[in-house]
Amino acid sequence: MAHLPKAVLYYSPVSVWSAVVLLTIDEKGYGPDEIDFRSVDLSKGENYDLTFLRLNPKATVPALLVPYENTLTDAEESRYKALTSTKAIVEFLDKSRSALSRTQTTSRAPAPSLTPATIAATNSCKVIIDDILHIEEANPNTLRYVNARDDESLRALAKELVPSMKQRQKVLLEHLAEAEQGSARVSEKVKKLWADKLDAINVILAVLADAETAESDLGEEGRAQRQAFYKTARQAWETNLSQVMTQLSKEMVGPYTLGDQFSIADLHLAGWLTRVAKLAGGQSSDDGETIARKLEGHIGGGFRFARDFITEQARREKAAVEKGSKVGAFWDALRERASWKKVYREGLF
């Protein structure tokens, strides 16, 4: 008997949104017989290769190839469709395995439904996922690339990012050269994607490549580029992220987004917050209050979380404890989950 087709996840071990999908797979109890995992090395620009672009023209991870429902038999040749949105992948994984599902699996792990049962809770999840975490102002990758607002932090950022950015720059230049020479037959759409990605890398590299040079020793253009970079960084962290965090705190119930029940919104928040906490100097061993303080200090501009949350146990016991932030309470609950410990066992990313 032929093997039944499996879904295939293309992911990066250090990608924020890949982490969200990995958390989902673990929370839903998928077995190893259901999904194949294929790592994409973003630092080497493997996501720009034509073989990957045929799967995902956006050149992003994660991407999930899933068999069409009517081909899940050993009598038919398998056909697949690609899901390239984190939101779509998480929703698919949540719906595809339940206590009543008939997926071909040997897993005996529980399959909790992570999608809320009520309209109100569903709408709350949608607000947190669509209107807070997945807007450009909250983009964790943007925050990573502009995570410097002074010369010292700029030098540290350059040491972290420049090697991989130069490698991706090299790969894109090679792809574009092959396209121009005709040795690689590609569409104008693909060439534009390569060119746009290269332009974005060049803009950041123009600043990071001179990070070791004192501003007084830079030329007029170099000084202007550095100051524009710092302005963008301040906007991203001190204005945009402070507003995102404020809105997030208002929408959350605590300790999870909807209260005590872990939901689909918590998966997105888990990956996003872990990356932002890492950028702010957070560590996996930090408790929630420590993470909240590190975020406040790193965001700057006088930002402070509202300390308006008290645990249900303390409320029942009428314990005299200080209230904390909802983000801090979420972090404390999150780092106790087996899925989070598994995905981040090598450290935060």
# chains A, B, ... in the order shown; residues from 1 in each chain; ligands from 1
>>> residues_around(residues="Arg307 (chain A)", least_positions_apart="5", cutoff="9 Å", atoms="only C-alpha atoms", output="ChimeraX atom specification")
/A:322-326
>>> select_by_dssp(residues="region 81-322 of chain A", states="strand (DSSP E or B)", output="list in words")
Lys81, Ala82, Leu83, Tyr256, Gly259 and Phe309 of chain A
>>> residues_around(residues="Thr84 (chain A)", least_positions_apart="6", cutoff="9 Å", atoms="only C-alpha atoms", output="PyMOL selection string")
chain A and resi 55-56+58+60-65
>>> closest_residue(among="A:Ala117, A:Ile204, A:Leu258, A:Val244", to="Tyr230 (chain A)", atoms="only C-alpha atoms")
A:Ile204
>>> residues_around(residues="region 283-289 of chain A", least_positions_apart="5", cutoff="8 Å", atoms="only C-alpha atoms", output="number ranges by chain")
A: 277-278, 324-325, 327-332, 335, 347-348
>>> closest_residue(among="A:Trp272, A:Trp237, A:Tyr344, A:Phe309", to="Val253 (chain A)", atoms="only C-alpha atoms")
A:Phe309
>>> select_by_dssp(residues="region 195-303 of chain A", states="helix (DSSP H, G or I)", output="ChimeraX atom specification")
/A:195-208,215-217,220-251,264-279,288-299
>>> write_last_selection(atoms="C-alpha atoms", output="CSV table (one decimal), in the first residue's frame")
chain,number,residue,atom,x,y,z
A,195,ALA,CA,15.3,44.0,-7.3
A,196,ASP,CA,13.0,45.3,-4.6
A,197,LYS,CA,14.5,43.0,-2.0
A,198,LEU,CA,18.0,44.1,-3.1
A,199,ASP,CA,17.1,47.7,-2.8
A,200,ALA,CA,15.7,47.2,0.8
A,201,ILE,CA,18.9,45.4,1.8
A,202,ASN,CA,21.1,48.1,0.2
A,203,VAL,CA,19.3,50.9,2.2
A,204,ILE,CA,20.1,49.3,5.5
A,205,LEU,CA,23.6,48.1,4.6
A,206,ALA,CA,24.5,51.7,3.6
A,207,VAL,CA,24.1,52.6,7.2
A,208,LEU,CA,25.3,49.4,8.9
A,215,GLU,CA,29.6,60.3,12.7
A,216,SER,CA,32.0,63.2,12.6
A,217,ASP,CA,34.1,61.2,10.1
A,220,GLU,CA,27.5,64.5,4.3
A,221,GLU,CA,25.5,61.7,2.7
A,222,GLY,CA,26.6,59.2,5.3
A,223,ARG,CA,25.6,61.5,8.2
A,224,ALA,CA,22.2,62.1,6.6
A,225,GLN,CA,21.6,58.4,6.1
A,226,ARG,CA,22.5,57.6,9.8
A,227,GLN,CA,20.3,60.3,11.1
A,228,ALA,CA,17.4,59.1,8.9
A,229,PHE,CA,18.0,55.6,10.2
A,230,TYR,CA,17.8,56.8,13.8
A,231,LYS,CA,14.6,58.8,13.1
A,232,THR,CA,13.0,55.7,11.6
A,233,ALA,CA,14.1,53.6,14.6
A,234,ARG,CA,12.6,56.1,17.0
A,235,GLN,CA,9.4,56.1,15.1
A,236,ALA,CA,9.3,52.3,15.0
A,237,TRP,CA,10.0,51.8,18.7
A,238,GLU,CA,9.0,54.9,20.6
A,239,THR,CA,5.9,55.8,18.7
A,240,ASN,CA,4.6,52.8,16.7
A,241,LEU,CA,5.4,50.0,19.2
A,242,SER,CA,4.3,52.0,22.2
A,243,GLN,CA,0.9,52.5,20.6
A,244,VAL,CA,0.7,48.8,19.6
A,245,MET,CA,1.5,47.7,23.2
A,246,THR,CA,-1.1,50.1,24.6
A,247,GLN,CA,-3.8,48.8,22.3
A,248,LEU,CA,-2.8,45.2,23.0
A,249,SER,CA,-3.0,45.7,26.7
A,250,LYS,CA,-6.5,47.2,26.4
A,251,GLU,CA,-7.7,44.3,24.2
A,264,ILE,CA,-5.6,31.0,18.4
A,265,ALA,CA,-4.7,34.7,19.1
A,266,ASP,CA,-2.3,33.6,21.8
A,267,LEU,CA,-0.3,31.6,19.2
A,268,HIS,CA,0.4,34.8,17.2
A,269,LEU,CA,1.1,36.8,20.3
A,270,ALA,CA,3.5,34.1,21.6
A,271,GLY,CA,5.8,34.3,18.5
A,272,TRP,CA,5.5,38.1,18.2
A,273,LEU,CA,6.1,38.9,21.9
A,274,THR,CA,9.0,36.5,22.1
A,275,ARG,CA,10.8,38.3,19.3
A,276,VAL,CA,10.1,41.8,20.7
A,277,ALA,CA,11.2,40.7,24.1
A,278,LYS,CA,14.4,39.3,22.6
A,279,LEU,CA,15.1,42.6,20.9
A,288,GLY,CA,6.9,38.5,33.3
A,289,GLU,CA,7.6,41.6,35.4
A,290,THR,CA,11.2,41.6,34.3
A,291,ILE,CA,10.2,41.3,30.6
A,292,ALA,CA,7.7,44.2,31.1
A,293,ARG,CA,10.4,46.4,32.6
A,294,LYS,CA,12.9,45.6,29.8
A,295,LEU,CA,10.3,46.4,27.2
A,296,GLU,CA,9.4,49.7,28.9
A,297,GLY,CA,13.1,50.7,29.0
A,298,HIS,CA,13.8,49.6,25.5
A,299,ILE,CA,10.7,51.2,23.9
>>> residues_around(residues="Lys159 (chain A)", least_positions_apart="5", cutoff="12 Å", atoms="only C-alpha atoms", output="list in words")
Glu152, Ser153, Leu154, Ser164, Met165, Lys166, Leu205, Leu208, Ala209, Asp210, Ala211 and Glu212 of chain A
>>> write_last_selection(atoms="C-alpha atoms", output="mmCIF file, in the first residue's frame")
data_model
loop_
_atom_site.group_PDB
_atom_site.id
_atom_site.type_symbol
_atom_site.label_atom_id
_atom_site.label_comp_id
_atom_site.auth_asym_id
_atom_site.auth_seq_id
_atom_site.Cartn_x
_atom_site.Cartn_y
_atom_site.Cartn_z
ATOM 1 C CA GLU A 152 26.825 52.019 20.360
ATOM 2 C CA SER A 153 23.693 50.023 19.583
ATOM 3 C CA LEU A 154 24.268 50.615 15.860
ATOM 4 C CA SER A 164 23.834 37.577 6.579
ATOM 5 C CA MET A 165 22.692 40.711 4.752
ATOM 6 C CA LYS A 166 25.800 40.689 2.572
ATOM 7 C CA LEU A 205 23.571 48.129 4.563
ATOM 8 C CA LEU A 208 25.301 49.415 8.941
ATOM 9 C CA ALA A 209 28.434 49.065 6.811
ATOM 10 C CA ASP A 210 29.733 52.348 8.304
ATOM 11 C CA ALA A 211 28.683 51.592 11.883
ATOM 12 C CA GLU A 212 32.285 51.586 13.143
#
